[in-house]
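Visitor: data22.txt (compact mmCIF, N, CA and C atoms and all ligand atoms) pasted underneath:
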# COMPACT_ATOMS: atom_id res chain seq x y z
N MET A 1 10.26 1.03 10.68
CA MET A 1 9.19 0.03 10.57
C MET A 1 7.90 0.71 10.13
N ASP A 2 7.10 -0.02 9.35
CA ASP A 2 5.77 0.48 9.04
C ASP A 2 4.78 -0.69 9.13
N LEU A 3 3.53 -0.41 8.79
CA LEU A 3 2.50 -1.43 9.02
C LEU A 3 2.74 -2.72 8.23
N SER A 4 3.51 -2.63 7.15
CA SER A 4 3.78 -3.85 6.38
C SER A 4 4.69 -4.81 7.16
N ASP A 5 5.32 -4.32 8.22
CA ASP A 5 6.18 -5.19 9.03
C ASP A 5 5.40 -5.92 10.13
N VAL A 6 4.13 -5.59 10.26
CA VAL A 6 3.27 -6.28 11.24
C VAL A 6 2.77 -7.56 10.58
N LYS A 7 2.95 -8.68 11.24
CA LYS A 7 2.54 -9.96 10.64
C LYS A 7 1.51 -10.68 11.52
N VAL A 8 0.49 -11.20 10.86
CA VAL A 8 -0.47 -12.05 11.57
C VAL A 8 -0.10 -13.48 11.23
N ILE A 9 0.19 -14.27 12.24
CA ILE A 9 0.54 -15.66 11.95
C ILE A 9 -0.52 -16.60 12.55
N SER A 10 -0.68 -17.71 11.88
CA SER A 10 -1.64 -18.70 12.33
C SER A 10 -0.88 -19.79 13.07
N LEU A 11 -1.19 -19.95 14.34
CA LEU A 11 -0.48 -20.95 15.15
C LEU A 11 -1.06 -22.34 14.88
N PRO A 12 -0.32 -23.38 15.22
CA PRO A 12 -0.83 -24.73 15.01
C PRO A 12 -2.10 -24.96 15.82
N LYS A 13 -2.99 -25.78 15.24
CA LYS A 13 -4.25 -26.13 15.92
C LYS A 13 -4.35 -27.64 15.96
N VAL A 14 -4.51 -28.18 17.11
CA VAL A 14 -4.76 -29.62 17.23
C VAL A 14 -6.23 -29.76 17.61
N LEU A 15 -7.05 -30.03 16.61
CA LEU A 15 -8.49 -30.11 16.85
C LEU A 15 -8.81 -31.45 17.50
N ASP A 16 -9.65 -31.40 18.49
CA ASP A 16 -9.92 -32.61 19.27
C ASP A 16 -11.33 -32.51 19.84
N GLU A 17 -12.05 -33.60 19.82
CA GLU A 17 -13.40 -33.58 20.38
C GLU A 17 -13.40 -33.22 21.87
N ARG A 18 -12.27 -33.45 22.52
CA ARG A 18 -12.17 -33.16 23.95
C ARG A 18 -11.86 -31.69 24.22
N GLY A 19 -11.66 -30.95 23.12
CA GLY A 19 -11.25 -29.54 23.25
C GLY A 19 -10.01 -29.31 22.43
N ASN A 20 -9.88 -28.15 21.86
CA ASN A 20 -8.77 -27.88 20.94
C ASN A 20 -7.52 -27.40 21.68
N LEU A 21 -6.40 -27.51 20.99
CA LEU A 21 -5.12 -27.15 21.62
C LEU A 21 -4.27 -26.40 20.59
N SER A 22 -3.67 -25.35 21.01
CA SER A 22 -2.69 -24.64 20.18
C SER A 22 -1.44 -24.44 21.00
N PHE A 23 -0.33 -24.15 20.32
CA PHE A 23 0.92 -23.99 21.07
C PHE A 23 1.87 -23.04 20.34
N ILE A 24 2.83 -22.59 21.12
CA ILE A 24 3.87 -21.69 20.58
C ILE A 24 5.21 -22.30 20.96
N GLU A 25 6.07 -22.47 19.99
CA GLU A 25 7.43 -22.93 20.27
C GLU A 25 8.38 -21.77 20.03
N ALA A 26 9.18 -21.49 21.04
CA ALA A 26 10.03 -20.30 21.01
C ALA A 26 10.85 -20.20 19.73
N ASN A 27 11.39 -21.32 19.28
CA ASN A 27 12.31 -21.23 18.14
C ASN A 27 11.65 -21.47 16.79
N ASN A 28 10.37 -21.84 16.81
CA ASN A 28 9.73 -22.17 15.53
C ASN A 28 8.74 -21.13 15.03
N HIS A 29 8.10 -20.42 15.92
CA HIS A 29 7.01 -19.56 15.48
C HIS A 29 7.33 -18.08 15.44
N PHE A 30 8.39 -17.69 16.13
CA PHE A 30 8.70 -16.26 16.19
C PHE A 30 10.08 -15.96 15.69
N PRO A 31 10.22 -14.80 15.11
CA PRO A 31 11.56 -14.37 14.67
C PRO A 31 12.31 -13.70 15.81
N PHE A 32 12.03 -14.09 17.08
CA PHE A 32 12.74 -13.48 18.20
C PHE A 32 12.72 -14.43 19.39
N ASP A 33 13.62 -14.17 20.34
CA ASP A 33 13.65 -14.95 21.58
C ASP A 33 12.61 -14.39 22.55
N ILE A 34 11.90 -15.26 23.22
CA ILE A 34 10.91 -14.80 24.20
C ILE A 34 11.61 -14.59 25.54
N ASN A 35 11.58 -13.36 26.02
CA ASN A 35 12.22 -13.06 27.31
C ASN A 35 11.23 -12.62 28.37
N ARG A 36 9.99 -12.40 27.95
CA ARG A 36 8.96 -11.99 28.94
C ARG A 36 7.60 -12.36 28.39
N VAL A 37 6.73 -12.77 29.28
CA VAL A 37 5.34 -13.05 28.94
C VAL A 37 4.49 -12.26 29.93
N TYR A 38 3.52 -11.51 29.43
CA TYR A 38 2.58 -10.87 30.35
C TYR A 38 1.19 -10.96 29.77
N TRP A 39 0.19 -10.71 30.59
CA TRP A 39 -1.17 -10.83 30.10
C TRP A 39 -2.03 -9.73 30.67
N ILE A 40 -3.07 -9.38 29.94
CA ILE A 40 -3.99 -8.31 30.33
C ILE A 40 -5.38 -8.93 30.47
N TYR A 41 -5.99 -8.68 31.60
CA TYR A 41 -7.25 -9.35 31.93
C TYR A 41 -8.09 -8.45 32.81
N ASP A 42 -9.34 -8.83 33.04
CA ASP A 42 -10.26 -8.04 33.88
C ASP A 42 -10.36 -6.59 33.40
N VAL A 43 -10.39 -6.41 32.10
CA VAL A 43 -10.45 -5.04 31.55
C VAL A 43 -11.90 -4.55 31.63
N PRO A 44 -12.14 -3.47 32.35
CA PRO A 44 -13.51 -2.96 32.42
C PRO A 44 -13.99 -2.48 31.04
N GLY A 45 -15.29 -2.59 30.81
CA GLY A 45 -15.86 -2.18 29.51
C GLY A 45 -15.42 -0.77 29.14
N GLY A 46 -15.05 -0.58 27.89
CA GLY A 46 -14.71 0.75 27.39
C GLY A 46 -13.27 1.17 27.65
N GLU A 47 -12.49 0.36 28.39
CA GLU A 47 -11.11 0.76 28.69
C GLU A 47 -10.17 0.52 27.51
N ILE A 48 -9.08 1.25 27.53
CA ILE A 48 -8.07 1.14 26.47
C ILE A 48 -6.74 0.78 27.12
N ARG A 49 -6.04 -0.16 26.59
CA ARG A 49 -4.69 -0.50 27.05
C ARG A 49 -3.69 -0.16 25.96
N GLY A 50 -2.44 -0.03 26.36
CA GLY A 50 -1.41 0.33 25.38
C GLY A 50 -1.44 1.83 25.17
N GLY A 51 -1.20 2.24 23.93
CA GLY A 51 -1.11 3.67 23.65
C GLY A 51 0.34 4.10 23.75
N HIS A 52 1.19 3.37 23.03
CA HIS A 52 2.62 3.67 23.00
C HIS A 52 3.29 2.84 21.92
N ALA A 53 4.55 3.17 21.66
CA ALA A 53 5.40 2.33 20.79
C ALA A 53 6.63 1.98 21.62
N TYR A 54 7.41 1.04 21.12
CA TYR A 54 8.68 0.71 21.77
C TYR A 54 9.81 1.11 20.84
N SER A 55 10.92 1.52 21.42
CA SER A 55 12.07 1.88 20.58
C SER A 55 12.71 0.65 19.96
N THR A 56 12.84 -0.42 20.77
CA THR A 56 13.59 -1.58 20.26
C THR A 56 12.85 -2.91 20.46
N LEU A 57 11.80 -2.92 21.26
CA LEU A 57 11.16 -4.19 21.64
C LEU A 57 10.19 -4.71 20.57
N THR A 58 10.23 -5.99 20.33
CA THR A 58 9.26 -6.66 19.46
C THR A 58 8.36 -7.50 20.32
N GLU A 59 7.07 -7.54 19.99
CA GLU A 59 6.19 -8.40 20.77
C GLU A 59 5.19 -9.13 19.89
N CYS A 60 4.57 -10.11 20.52
CA CYS A 60 3.59 -10.92 19.83
C CYS A 60 2.33 -10.95 20.69
N ILE A 61 1.19 -10.67 20.07
CA ILE A 61 -0.06 -10.53 20.83
C ILE A 61 -1.03 -11.64 20.42
N VAL A 62 -1.57 -12.32 21.41
CA VAL A 62 -2.55 -13.38 21.16
C VAL A 62 -3.78 -13.09 22.01
N CYS A 63 -4.95 -13.24 21.41
CA CYS A 63 -6.19 -13.12 22.18
C CYS A 63 -6.57 -14.53 22.63
N LEU A 64 -6.28 -14.85 23.88
CA LEU A 64 -6.51 -16.22 24.35
C LEU A 64 -7.98 -16.49 24.61
N SER A 65 -8.71 -15.43 24.94
CA SER A 65 -10.12 -15.61 25.27
C SER A 65 -10.87 -14.33 24.95
N GLY A 66 -12.14 -14.45 24.55
CA GLY A 66 -12.95 -13.27 24.23
C GLY A 66 -12.46 -12.58 22.97
N SER A 67 -12.51 -11.27 22.96
CA SER A 67 -12.11 -10.52 21.77
C SER A 67 -11.68 -9.11 22.16
N PHE A 68 -10.88 -8.52 21.31
CA PHE A 68 -10.53 -7.10 21.42
C PHE A 68 -9.97 -6.65 20.08
N ASP A 69 -9.89 -5.34 19.93
CA ASP A 69 -9.33 -4.77 18.69
C ASP A 69 -7.93 -4.25 18.98
N LEU A 70 -7.03 -4.56 18.08
CA LEU A 70 -5.66 -4.05 18.15
C LEU A 70 -5.55 -2.96 17.09
N ILE A 71 -5.27 -1.74 17.54
CA ILE A 71 -5.16 -0.62 16.61
C ILE A 71 -3.69 -0.26 16.46
N LEU A 72 -3.21 -0.30 15.24
CA LEU A 72 -1.79 -0.07 14.97
C LEU A 72 -1.63 1.19 14.13
N HIS A 73 -0.54 1.90 14.35
CA HIS A 73 -0.28 3.12 13.59
C HIS A 73 1.22 3.17 13.33
N ASP A 74 1.59 3.57 12.12
CA ASP A 74 3.03 3.68 11.85
C ASP A 74 3.48 5.13 11.68
N GLY A 75 2.62 6.05 12.11
CA GLY A 75 2.95 7.47 11.98
C GLY A 75 2.38 8.06 10.71
N ASN A 76 1.95 7.17 9.84
CA ASN A 76 1.44 7.58 8.55
C ASN A 76 0.00 7.11 8.36
N GLU A 77 -0.20 5.83 8.62
CA GLU A 77 -1.56 5.27 8.50
C GLU A 77 -1.83 4.31 9.64
N SER A 78 -3.12 4.02 9.82
CA SER A 78 -3.47 3.11 10.90
C SER A 78 -4.25 1.91 10.35
N LYS A 79 -4.30 0.89 11.20
CA LYS A 79 -4.91 -0.37 10.80
C LYS A 79 -5.49 -1.01 12.05
N THR A 80 -6.67 -1.62 11.90
CA THR A 80 -7.28 -2.31 13.04
C THR A 80 -7.29 -3.81 12.77
N ILE A 81 -6.82 -4.57 13.73
CA ILE A 81 -6.90 -6.03 13.62
C ILE A 81 -7.80 -6.50 14.76
N SER A 82 -8.93 -7.12 14.41
CA SER A 82 -9.84 -7.64 15.43
C SER A 82 -9.42 -9.06 15.76
N LEU A 83 -9.17 -9.28 17.04
CA LEU A 83 -8.69 -10.60 17.45
C LEU A 83 -9.78 -11.31 18.26
N ASN A 84 -10.11 -12.51 17.85
CA ASN A 84 -11.10 -13.29 18.60
C ASN A 84 -10.86 -14.80 18.47
N ARG A 85 -9.66 -15.15 18.00
CA ARG A 85 -9.31 -16.57 17.87
C ARG A 85 -7.98 -16.81 18.57
N SER A 86 -7.91 -17.83 19.40
CA SER A 86 -6.70 -18.02 20.21
C SER A 86 -5.55 -18.63 19.41
N TYR A 87 -5.78 -18.96 18.14
CA TYR A 87 -4.69 -19.51 17.32
C TYR A 87 -4.09 -18.48 16.37
N ASN A 88 -4.53 -17.22 16.48
CA ASN A 88 -3.89 -16.17 15.69
C ASN A 88 -2.96 -15.35 16.57
N ALA A 89 -1.82 -14.99 16.03
CA ALA A 89 -0.85 -14.20 16.78
C ALA A 89 -0.40 -13.04 15.90
N VAL A 90 -0.27 -11.88 16.49
CA VAL A 90 0.18 -10.71 15.71
C VAL A 90 1.57 -10.32 16.19
N ILE A 91 2.51 -10.30 15.27
CA ILE A 91 3.87 -9.87 15.60
C ILE A 91 3.95 -8.37 15.34
N VAL A 92 4.21 -7.65 16.39
CA VAL A 92 4.31 -6.19 16.28
C VAL A 92 5.76 -5.79 16.55
N PRO A 93 6.46 -5.32 15.51
CA PRO A 93 7.86 -4.93 15.73
C PRO A 93 7.99 -3.61 16.47
N SER A 94 9.20 -3.26 16.79
CA SER A 94 9.45 -1.98 17.45
C SER A 94 9.03 -0.84 16.52
N LYS A 95 8.82 0.32 17.12
CA LYS A 95 8.52 1.56 16.37
C LYS A 95 7.17 1.53 15.66
N ILE A 96 6.26 0.70 16.18
CA ILE A 96 4.87 0.73 15.72
C ILE A 96 4.02 1.15 16.92
N TRP A 97 3.19 2.15 16.71
CA TRP A 97 2.32 2.62 17.79
C TRP A 97 1.14 1.67 17.91
N LYS A 98 0.75 1.34 19.13
CA LYS A 98 -0.39 0.42 19.26
C LYS A 98 -1.22 0.71 20.50
N HIS A 99 -2.50 0.43 20.36
CA HIS A 99 -3.33 0.34 21.56
C HIS A 99 -4.38 -0.75 21.34
N MET A 100 -5.00 -1.16 22.43
CA MET A 100 -6.02 -2.21 22.38
C MET A 100 -7.29 -1.67 22.99
N GLU A 101 -8.41 -1.95 22.35
CA GLU A 101 -9.69 -1.43 22.85
C GLU A 101 -10.81 -2.42 22.51
N ASN A 102 -12.00 -2.07 22.96
CA ASN A 102 -13.17 -2.89 22.64
C ASN A 102 -13.05 -4.30 23.21
N PHE A 103 -12.54 -4.37 24.43
CA PHE A 103 -12.38 -5.68 25.08
C PHE A 103 -13.75 -6.25 25.44
N SER A 104 -13.94 -7.50 25.13
CA SER A 104 -15.18 -8.16 25.54
C SER A 104 -15.05 -8.59 27.01
N THR A 105 -16.16 -8.94 27.62
CA THR A 105 -16.13 -9.44 28.99
C THR A 105 -15.27 -10.70 29.05
N ASN A 106 -14.44 -10.78 30.06
CA ASN A 106 -13.56 -11.95 30.26
C ASN A 106 -12.52 -12.15 29.17
N SER A 107 -12.20 -11.11 28.41
CA SER A 107 -11.17 -11.29 27.38
C SER A 107 -9.80 -11.37 28.06
N LEU A 108 -8.91 -12.05 27.38
CA LEU A 108 -7.57 -12.28 27.91
C LEU A 108 -6.56 -12.10 26.79
N ALA A 109 -5.68 -11.12 26.96
CA ALA A 109 -4.64 -10.85 25.96
C ALA A 109 -3.32 -11.38 26.50
N LEU A 110 -2.66 -12.22 25.72
CA LEU A 110 -1.35 -12.75 26.09
C LEU A 110 -0.31 -12.06 25.22
N ILE A 111 0.76 -11.57 25.84
CA ILE A 111 1.78 -10.88 25.06
C ILE A 111 3.15 -11.48 25.36
N LEU A 112 3.86 -11.84 24.31
CA LEU A 112 5.21 -12.38 24.45
C LEU A 112 6.16 -11.32 23.91
N ALA A 113 7.18 -11.03 24.68
CA ALA A 113 8.08 -9.95 24.30
C ALA A 113 9.52 -10.45 24.25
N ASP A 114 10.31 -9.81 23.42
CA ASP A 114 11.70 -10.25 23.29
C ASP A 114 12.63 -9.61 24.33
N GLN A 115 12.05 -8.75 25.19
CA GLN A 115 12.86 -8.10 26.21
C GLN A 115 12.09 -8.02 27.51
N GLU A 116 12.84 -7.87 28.58
CA GLU A 116 12.20 -7.62 29.87
C GLU A 116 11.63 -6.21 29.89
N TYR A 117 10.78 -5.94 30.88
CA TYR A 117 10.15 -4.63 30.99
C TYR A 117 11.19 -3.54 31.24
N LYS A 118 11.14 -2.51 30.42
CA LYS A 118 12.09 -1.40 30.57
C LYS A 118 11.37 -0.12 30.16
N GLU A 119 11.03 0.70 31.13
CA GLU A 119 10.25 1.92 30.83
C GLU A 119 10.98 2.80 29.81
N SER A 120 12.31 2.79 29.84
CA SER A 120 13.06 3.67 28.94
C SER A 120 12.89 3.30 27.47
N ASP A 121 12.35 2.11 27.20
CA ASP A 121 12.13 1.70 25.80
C ASP A 121 10.79 2.21 25.26
N TYR A 122 9.94 2.73 26.16
CA TYR A 122 8.61 3.17 25.73
C TYR A 122 8.67 4.54 25.08
N ILE A 123 7.87 4.72 24.04
CA ILE A 123 7.61 6.05 23.48
C ILE A 123 6.13 6.28 23.76
N ARG A 124 5.83 7.17 24.70
CA ARG A 124 4.44 7.30 25.15
C ARG A 124 3.75 8.55 24.62
N ASN A 125 4.51 9.37 23.87
CA ASN A 125 3.93 10.59 23.34
C ASN A 125 3.76 10.43 21.82
N PHE A 126 2.51 10.49 21.35
CA PHE A 126 2.26 10.18 19.94
C PHE A 126 2.90 11.20 19.00
N GLU A 127 2.91 12.47 19.42
CA GLU A 127 3.50 13.51 18.58
C GLU A 127 5.01 13.26 18.41
N GLU A 128 5.62 12.91 19.54
CA GLU A 128 7.06 12.59 19.51
C GLU A 128 7.31 11.38 18.59
N TYR A 129 6.42 10.40 18.69
CA TYR A 129 6.54 9.20 17.85
C TYR A 129 6.42 9.56 16.36
N GLN A 130 5.40 10.38 16.05
CA GLN A 130 5.20 10.76 14.64
C GLN A 130 6.39 11.54 14.09
N ASN A 131 6.92 12.43 14.90
CA ASN A 131 8.09 13.20 14.46
C ASN A 131 9.26 12.27 14.18
N MET A 132 9.43 11.31 15.07
CA MET A 132 10.53 10.35 14.90
C MET A 132 10.36 9.54 13.62
N GLN A 133 9.13 9.11 13.36
CA GLN A 133 8.87 8.32 12.15
C GLN A 133 9.06 9.16 10.89
N ASN A 134 8.59 10.40 10.93
CA ASN A 134 8.66 11.26 9.74
C ASN A 134 10.08 11.70 9.42
N GLN A 135 10.89 11.81 10.46
CA GLN A 135 12.29 12.20 10.22
C GLN A 135 13.04 11.15 9.41
N LYS A 136 12.54 9.92 9.53
CA LYS A 136 13.23 8.81 8.84
C LYS A 136 12.92 8.78 7.36
N LEU A 137 11.76 9.43 6.99
CA LEU A 137 11.32 9.31 5.59
C LEU A 137 12.21 10.11 4.66
P1 LIG A 201 2.01 -0.55 30.39
O1 LIG A 201 2.94 -1.28 29.50
O2 LIG A 201 2.05 0.94 30.36
O3 LIG A 201 0.53 -1.03 30.15
P2 LIG A 201 -0.26 -1.07 28.75
O4 LIG A 201 -0.24 -2.49 28.34
O5 LIG A 201 -1.62 -0.53 29.01
O6 LIG A 201 0.51 -0.21 27.83
O7 LIG A 201 2.26 -1.04 31.88
C1 LIG A 201 1.44 -0.64 32.96
C2 LIG A 201 2.23 -0.74 34.24
O8 LIG A 201 2.62 -2.09 34.49
C3 LIG A 201 3.51 0.08 34.22
O9 LIG A 201 3.56 0.83 35.41
C4 LIG A 201 4.63 -0.89 34.24
C5 LIG A 201 4.02 -2.20 34.69
N1 LIG A 201 4.55 -3.35 33.93
C6 LIG A 201 5.50 -4.15 34.50
O10 LIG A 201 5.94 -3.93 35.64
N2 LIG A 201 5.94 -5.23 33.78
C7 LIG A 201 5.50 -5.51 32.55
O11 LIG A 201 5.93 -6.51 31.94
C8 LIG A 201 4.52 -4.64 31.94
C9 LIG A 201 4.01 -4.89 30.56
C10 LIG A 201 4.08 -3.56 32.68
Can you dump the structure from the file as C-alpha cells?

Guide:
Amino acid sequence: MDLSDVKVISLPKVLDERGNLSFIEANNHFPFDINRVYWIYDVPGGEIRGGHAYSTLTECIVCLSGSFDLILHDGNESKTISLNRSYNAVIVPSKIWKHMENFSTNSLALILADQEYKESDYIRNFEEYQNMQNQKL
C-alpha cells in the first residue's frame, strides 16, 4: 500500500435548519465490514495519538467535532490531511503509517475498523515499518 491508496470520501449531508445530519451505512460507504468503532477524545493540547501502522487492518477516520491533523506515511513520502468537517471520512488501508496531532479543544475522532482490537496487528516501530515497505519495492 502507498499514499495513493488512502481515500478521502465525502459522506452524505442532510442540511436542515434544525441542524445538519450525516450518516454512514456499513454496506454503502466503505469497502469493508465494520467490526469495531472507537473514539479519541479529551486529548490534552500538544498530544499525539497513533504512531503506528497495521499489518492487515483497514480503518476509516472521521473528525466528528473540532479539528486535528492526520499525518500519513507510506515509508517513502508523507502527507497531512487536516480534518475539521464531520462529513469527511478518510479510509486508511493497512500498511500505512499514521499519527494524529494538533487536536483542538473538545475535538472528537471517530474510527471505524474492519477488525477487533489485536495488538499483534500493530507495527509500532517506524524503522521496522520502513524496512518492510522498502523490501516490497
Ligand atoms: P492505541 O491503538 O495504541 O492508541 P492510539 O490510537 O494512540 O494509537 O491504543 C491505546 C491503548 O488502548 C492500548 O493499550 C490498547 C487499547 N485499545 C483497546 O483496548 N481497544 C481498542 O479498540 C483500541 C483502539 C485501543

Visitor: Could you tell me how far atom C of Asn88 in chain A sits from atom N of Asn134 in chain A, in Å to one decimal place?

Guide: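 Separation between atom N of Asn134 in chain A and atom C of Asn88 in chain A: 28.8 Å.
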
Visitor: Throw together the list of residues within 7 Å of ligand LIG 201 (chain A), counting only C-alpha atoms and all ligand atoms, and drop it here as a PyMOL selection string.

Guide: chain A and resi 36+38+49-52+116-117

Visitor: Would you give me, as a list in words, the residues in chain A that DSSP reads as helix (DSSP H, G or I)?

Guide: Leu3, Ser4, Asp5, Ala26, Asn27, Asn28, His29, Glu119, Ser120, Asp121, Phe126, Glu127, Glu128, Tyr129, Gln130, Asn131, Met132, Gln133, Asn134, Gln135 and Lys136 of chain A

Visitor: With a distance cut-off of 6.5 Å and all atoms listed in the file, select the neighbouring residues of Pro93 in chain A, excluding the residue or stretch itself and same-chain residues fewer than 2 positions from it, and output the selection as a PDB file with N, CA and C atoms, keeping the file's coordinate frame.

Guide:
ATOM      1  N   ASP A   5       5.320  -4.320   8.220  1.00  0.00           N
ATOM      2  CA  ASP A   5       6.180  -5.190   9.030  1.00  0.00           C
ATOM      3  C   ASP A   5       5.400  -5.920  10.130  1.00  0.00           C
ATOM      4  N   VAL A   6       4.130  -5.590  10.260  1.00  0.00           N
ATOM      5  CA  VAL A   6       3.270  -6.280  11.240  1.00  0.00           C
ATOM      6  C   VAL A   6       2.770  -7.560  10.580  1.00  0.00           C
ATOM      7  N   LYS A   7       2.950  -8.680  11.240  1.00  0.00           N
ATOM      8  CA  LYS A   7       2.540  -9.960  10.640  1.00  0.00           C
ATOM      9  C   LYS A   7       1.510 -10.680  11.520  1.00  0.00           C
ATOM     10  N   THR A  56      12.840  -0.420  20.770  1.00  0.00           N
ATOM     11  CA  THR A  56      13.590  -1.580  20.260  1.00  0.00           C
ATOM     12  C   THR A  56      12.850  -2.910  20.460  1.00  0.00           C
ATOM     13  N   LEU A  57      11.800  -2.920  21.260  1.00  0.00           N
ATOM     14  CA  LEU A  57      11.160  -4.190  21.640  1.00  0.00           C
ATOM     15  C   LEU A  57      10.190  -4.710  20.570  1.00  0.00           C
ATOM     16  N   THR A  58      10.230  -5.990  20.330  1.00  0.00           N
ATOM     17  CA  THR A  58       9.260  -6.660  19.460  1.00  0.00           C
ATOM     18  C   THR A  58       8.360  -7.500  20.320  1.00  0.00           C
ATOM     19  N   GLU A  59       7.070  -7.540  19.990  1.00  0.00           N
ATOM     20  CA  GLU A  59       6.190  -8.400  20.770  1.00  0.00           C
ATOM     21  C   GLU A  59       5.190  -9.130  19.890  1.00  0.00           C
ATOM     22  N   ILE A  91       2.510 -10.300  15.270  1.00  0.00           N
ATOM     23  CA  ILE A  91       3.870  -9.870  15.600  1.00  0.00           C
ATOM     24  C   ILE A  91       3.950  -8.370  15.340  1.00  0.00           C
ATOM     25  N   LYS A  95       8.820   0.320  17.120  1.00  0.00           N
ATOM     26  CA  LYS A  95       8.520   1.560  16.370  1.00  0.00           C
ATOM     27  C   LYS A  95       7.170   1.530  15.660  1.00  0.00           C
ATOM     28  N   ILE A  96       6.260   0.700  16.180  1.00  0.00           N
ATOM     29  CA  ILE A  96       4.870   0.730  15.720  1.00  0.00           C
ATOM     30  C   ILE A  96       4.020   1.150  16.920  1.00  0.00           C
TER      31      ILE A  96
END

Visitor: Per DSSP on the backbone, what are the strand (DSSP E) residues of chain A, as a PyMOL selection string?

Guide: chain A and resi 7-10+13-14+21-22+36-40+49-54+59-65+68-73+78-83+88-92+97-101+108-113+122-123

Visitor: Please determine, counting only C-alpha atoms, which residue among A:Ser67, A:Ser10, A:Ser86, A:Ser22 has the shortest atom-to-atom distance to Asn106 in chain A.

Guide: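 Distance minimum relative to Asn106 in chain A lands on A:Ser67.
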
Visitor: Which value, in Å to one decimal, gives the distance between atom N of Asp33 in chain A and atom N of Asp2 in chain A?

Guide: 19.1 Å

Visitor: List the neighbours of Asn84 in chain A out to 6 Å using all atoms listed in the file; skip same-chain residues closer than 3 positions along the sequence, and give me the result as a PyMOL selection string.

Guide: chain A and resi 63+66-68

Visitor: Considering all atoms listed in the file, can you say which of A:Trp39, A:Phe23, A:Met100, A:Asn76 comes closest to Gln130 in chain A?

Guide: A:Asn76

Visitor: Measuring between only N, CA and C atoms, which one of A:Val92, A:Leu21, A:Val62, A:Val14 shows the shortest distance to Ala109 in chain A?

Guide: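 Of A:Val92, A:Leu21, A:Val62, A:Val14, the one nearest Ala109 in chain A is A:Val62, counting only N, CA and C atoms.
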
Visitor: Kindly indicate which residue among A:Asn35, A:Asn28, A:Asn20, A:Gln133 lies nearest to Asp74 in chain A, using only N, CA and C atoms for the distances.

Guide: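 Answer, going by the shortest atom-to-atom distance: A:Gln133.
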
Visitor: CA of Phe126 in chain A to atom N of Asn102 in chain A: how many Å, to one decimal?

Guide: 19.0 Å

Visitor: Which one is closest to Asp69 in chain A: A:Tyr122, A:Tyr129, A:Phe32, A:Phe103? Count all atoms listed in the file.

Guide: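 Checking each of A:Tyr122, A:Tyr129, A:Phe32, A:Phe103 against Asp69 in chain A, counting all atoms listed in the file, the winner is A:Phe103.
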
Visitor: Applying 8 Å and all atoms listed in the file, which residues near Glu77 in chain A remain after dropping the ones on its own chain fewer than 4 positions away? List them as a count of residues only.

Guide: 3

Visitor: Using all atoms listed in the file, pick whichever of A:Val8, A:Ile48, A:Val43, A:Ala26 has the shortest atom-to-atom distance to Thr105 in chain A.

Guide: A:Val43
